[in-house]
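Reading through the structure tokens given below for one structure.
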Amino acid sequence: MINPNSRTEQEIHKVFDFTLLLKGAHAAIEILGGIFLYAMDARHIVGIAEFLTAGEIREDPRDGIANYLLHLAQVFGATDRAFAAFYLLTHGIVNGLIVIALWREEIWAYPISFAALGAFIVYQFYLLAFGFSWWIVGITVLDLAIIALVWHEYGVLKARRAAAQK
């Protein structure tokens with residue numbers, strides 16, 4: 001039986017809160033990024049990329065990463081930008097709502113978070129099949145950790161509520 005007041009459970013809850021904080025920050029960054037992409041046109045995106053890569057290209061005109069980032073900005077079309085903005089906004093909003101509901105210990109949020117985070121993980125694996133990204137790997141690992149912690153917290157919350165009804 002789970003003892004929600006044990007020291008171990010309190011430590012696990014602290015880790016859960018920290019991962020929710022990370023997920024919430026990630027959601028906020030995605031929402032801001034989506035808004036940014038909707039608001040910016042291609043010229044501004046290229047200008048930002050030029051500004052960010054100028055030092056590296058000055059040092060080494062053949063710098064692979066800097067030239068790749070600059071190239072990506074130059075070929076980033078309106079359709080790509082609209083999709084990226086939509087993805088960032090929807091992903092950020094869904095994650096943000098999940099984080100808020102979990103923080104408030106809304107019982108319905110736990111099963112929904114399993115489904116939503118599971119769907120995100122499947123999509124992230126799909127993205128990884130087309131190209132490796134440490135960013136996607138990191139987000140996927142965070143999502144997997146959150147699912148494990150949410151599962152655990154769900155059990156603790158149910159045990160706490162069952163004990164309160166006795």
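Note on naming: chains are A, B, ... as they come in the structure tokens, residues start from 1 per chain, ligands start from 1 in the order shown.
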Subject >> Residues near stretch 145-159 of chain A, cut-off 12 Å, only C-alpha atoms, skip fewer than 6 positions along chain, as a count of residues only >> reply: 51
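Summary of the local environment: counting only C-alpha atoms, residues at most 9 Å from A:Tyr38, other than itself and those fewer than 6 positions away along its chain, are Arg81, Ala82, Ala84, Ala85 and Phe86 of chain A.
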Using C-alpha atoms, can you export the residues from the last selection as a PDB file, in the first residue's frame?
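That gives us part_29.pdb:
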```pdb
ATOM      1  CA  ARG A  81       6.514  28.407 -40.982  1.00  0.00           C
ATOM      2  CA  ALA A  82       2.735  28.079 -40.633  1.00  0.00           C
ATOM      3  CA  ALA A  84       5.826  24.948 -37.278  1.00  0.00           C
ATOM      4  CA  ALA A  85       3.886  27.794 -35.645  1.00  0.00           C
ATOM      5  CA  PHE A  86       0.704  25.696 -35.463  1.00  0.00           C
TER       6      PHE A  86
END
```
**OP:** Write out as an NGL selection string the residues lying within 12 Å of A:Glu56, counting only C-alpha atoms and excluding same-chain residues fewer than 6 positions away.
**Re:** :A and (49-50 or 62-70)
Subject >> Residue with smallest distance to A:Gly34 - pool A:Leu52, A:Tyr87, A:Thr79, A:Gln74, counting only C-alpha atoms >> reply: A:Tyr87
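Atom pair atom CA of A:Arg161 / atom CA of A:Arg7: separated by 18.7 Å.
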**OP:** Find the residues around A:Gly92 up to 8 Å (only C-alpha atoms counted), leave out those fewer than 3 positions away in its own chain, and share them as a VMD selection string.
**Re:** chain A and resid 26 to 31 88 to 89 95 to 96
